[in-house]
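Asks: Take this structure, written in structure tokens, and hold onto it; I'll ask about it next.
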Amino acid sequence: MEIINFLNLVFLAPFVEMVSYPIFFSEVIISGLLTGVMYSLVALGFVLIFKASGVFNFAQGAMVLFAALTLVGLMEHGFPIWAALISTIIVLIALAFVVERFMLRYLINQEDIILFMATIGLTFLIQGFGETIWGSNVKPLDLGIPSESFEVGGLLLNEFDLFAAGSGAILVAVLAVFFHYTRIGRALRAVADDHQAAMAVGIPLKNIWIIVWSVAGFVGLVAGIMWGAKSGVQFSLSLIALKALPVLILGGFTSVPGAIVGGLIIGVGEKIAEIYWGPLVGGAIENWFAYVLALAFLLFRPQGLFGERIIERV
Amino acid sequence: MNETAAPSNEETNKNGSSDLEKNTTFETLLEVHNISLSFGGVHALDEVSFDIRKGEIRAIIGPNGAGKSSMLNVINGFYHPQKGSITYKGNERKKMSPQVAASQGIARTFQNIALFRGMTTLDNIMTGRNLKMKKGIFWQMLHWGPARNEEIHHREIAEHVIDFLEIEPIRKTPVGRLPYGLQKRVELGRALAAQPDLLLLDEPMAGMNVEEKEDMCRFIIDVNEEFGTTIALIEHDMGVVMDLSDRVVVLNYGKKIADGTPDFVRADQGVVDAYLGVSEK
Amino acid sequence: MFYRETGQFKSSYKADQAIFPLSQDRWFILFLIIIAFLVIPLTASEYLLQAVMIPLLIFSLASIGLNLLVGYAGQLSLGTGGFMAVGAYMTYKLTTAFPEINIIIVFILAGLISACVGLLFGIPSLRIKGFYLAVATLASQFFLVWMFNKVAWFYNYNSSGTITAPPRELFGITVTGPTATAETRYIVVLAIVCVFALIAKNLVRGRLGRSWMAVRDMDIAAEIIGIRPFQTKLIAFSISSFYCGLAGALMVFLWLGSAETEAFSINESFYVLFMIIIGGLGSILGSFLGATFIVCVPILLTNAPQLFGLSMPIDLQKHIEIMLFGFLIVFFLIVEPHGLARLWQIAKEKLRLWPFPY
């Protein structure tokens, strides 16, 4: 009897609920999609650097935090928003320069896993640096974007979320054009393929790395602004970055569309799981659901949704 | 085993290798039959058949991309051919994992050195003994009694290989630090440590200078004569191939184009064409 | 001059395969063990034992565990904290359910359960490697910590959600709980760590260790010489988890006395990873050095400003500590990926020639 009850709770009741309250269900999906856009933005930074330098940059989350912290910190010191934005971008470019000059340059041709661990170190370095300078208390970020909710056909939507989704879409479009149709974009792809070969045909590796880390920093800034405006700029921003990792697994490390779709899937999936199944196990399953979803997915398709299949040779 | 040997003799007779050689028996150790292997649309191997006799040195030659390495990969179970069968020691098999191949006495070296770079020469060679070591994890934890005796026993065999290949001074050097020629030698050592029945060598002399090549030839001949190990090797240096091998099989574009003694193969028009190109008439 | 191998000839493979082939090393290690077992408990203050020695040993154990997996078998894991939690919570469950079982046996059992969990979370290594796997291990970190937080059964439904070490005796002496002295707890931890460090050393110099390193360096080649990569990796995962679980159990029962799930957060996983990077990947000695380093640096940072008569706000200290760790990781990976252990080795090589370098 208990078993039947349990099965009902797990396999039937949630679906019945979804169907019987379709508007609520749509709202759940929409809010999931909007969270997903945020995840995608963070994941995008990872993908950019991975595509261009083959480095899995664990520090992307710290860069999101650092970018947002710098922006808010400058605004607190009386900078107008445009000046703060420009200064932040300059700081991020400087960061890219420092990372290339003092870290990547010495790690060329090291194993992937060593580079990965180095970026974990970088995560702590950037995070500690940012908090040493700007402090670790929660800072509100007000961009002057209205966050009123309005109703469309019975659905409750939030203006700010739509704004975030819109700017995310624009950013992705710009990046796609940049990657595919510009000379720098081509050079980036060449570097990703083979460092040595790219150098041999005269692509300046250093500059490329600085450019791509700057772009990733910029993407991080956008992500940081979105998250920061929503929930304040604080340490937990770098934890959101950890959420972007399952997104990457799902989407594939090398695919920009993968990052977007993966982000949306994770966003919606964890919202639905949290709302319909969460109460059964005590809630807060958002913490791990994305990982388990990605893990299950990995077993069936190790290269991700859009990743390239790797054929091993001897 | 004799059943499989009989028909293959007839086949090889046709190909002109009826003369008896030093330690070659007519017993077939391995026979590949109608092997076809393709990756996507690319045919790496197309209906290839040949045999390897016990105790012989069998060379597989052909231009680049002829499917030689693929053939070795099929033999030791790393690739699974779509068609055809492999008979090893009289047992036919369809699919086989590399581990099973290794446990049945097939060892190999690689075209691009596949040593364990972070480990010392001795440890690399000891990994070749891995399959022969049986003591369970509990004994290994203690590293005492049976486990230690086993370790010492296999160390002796590994040291024998080190002696044989004359690499005593680099015993405790991490192989990543060794020059190319020595790495190739260590790799041969790792394969030898497994005391294989069939040794597959993928371009053992590629990128070596004359001296190193001579050393390597000497080792290959010694392995073959002293231990009676059957050897199949891929090599581009024709001088080496003609001197070393008892019989040669020639592949081109995944197809077998000739099979026989070195002299027979050298005289074959198809082989000459494959290597030198055919002028359009 | 004093540190020489000249004249020390080995006449058997047995002697050559000893852990410390040089007699100076053997004497040195014997000396260390005597100090650790006799001198320190008699002379050290409670503070030194509780704040330095015990955590140092416990984290050494966890580092050894992670090093077996990352440094030897080449499988990067960020789930250490989760496995430590399994060890701690299982010890708690077992010892409260069966108070009569010897606490050491309970520790071992908890470690074994942890090994089984590690085995389970090691299964993805069948299909994935490198940082894909690292991300997958984050799943174990978050899931396990969440589970111990949410499922009340694991902390016996108490209202605070904390697990507390009950008093347990060993040979008639109380070793856990509030009444146990720092000296006894130190001795017990030291004994356990010594035994398991020896076991780890034995494993890595034998067949299993060679299989691990083979899979780490080139898994395809390992497969072709007859090593089963998947099986080898799974064994690495479970043994590593055993060590981490044991360390987690010791952490709660012989060091902190009580703990919540926060004690096993992702940061714990990172810190243990830092220990093995700084100490040296693929080195048992390095695990000890790295743990010593990471445990001691914050203590130095806390006390250093006072020495110069300065005061530093606590959170600034924390930030600088984080920054310093990050810097050191990058520094070590660039300069010496084999960490302190390698530096130690270089120092020894120098010592062999000292004071006559030519």
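Residue numbering restarts at 1 for every chain of the structure tokens, chains are lettered A, B, ... in their displayed order, and ligands are numbered from 1 as they appear.
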Neighbouring residues of range 55-69 of chain A were defined as those with any atom within 9 Å, considering only C-alpha atoms; residues of the same chain fewer than 5 positions away were excluded. Please report them as an MDAnalysis selection string.

Replies: (chainID A and resid 42:43 45:47 49:50 74 88:89 91:92 112:113 115:127 129:131 134:135 139 141 216:225 227:228 233:242 244:245 253) or (chainID C and resid 131)

Asks: With a distance threshold of 9 Å and counting only C-alpha atoms, extract the residues of chain B near chain A and express them as a ChimeraX atom specification.

Replies: /B:69,73,110-112,114

Asks: Please return, as a list in words, all residues of chain C lying within 8 Å of chain B when only C-alpha atoms are considered.

Replies: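 The selection requested is Tyr13, Lys14, Ile199, Ala200, Asn202, Leu203, Gly206, Arg207, Leu208, Arg210, Ser211, Met213, Ala214, Asp217, Met218, Ala221, Glu223, Ile224, Ile225, Gly226, Ile227 and Arg228 of chain C.
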
Asks: Specify as a list in words all residues of chain C found within 6 Å of chain A, counting only C-alpha atoms.

Replies: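 Close to chain A, chain C has Ala136, Ala139, Phe142, Phe143, His319, Ile322, Met323, Gly326, Phe327, Ile329 and Val330 of chain C.
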
Asks: Which residues are near Glu100 in chain C? Cut-off 10 Å, only C-alpha atoms, ignore same chain within fewer than 4 positions. Put them as JSON, numbers by chain.

Replies: {"C": [95, 96, 168, 169]}

Asks: Within 8 Å of Ala236 in chain C, counting only C-alpha atoms, which residues show up once you throw out same-chain ones fewer than 3 positions away? Write them as JSON, numbers by chain, please.

Replies: {"C": [68, 69, 73, 212, 232, 233, 239, 240]}

Asks: List the neighbours of Ala198 in chain A out to 12 Å using only C-alpha atoms; skip same-chain residues closer than 6 positions along the sequence, and give me the result as a ChimeraX atom specification.

Replies: /A:52-53,186-192,204-206,208
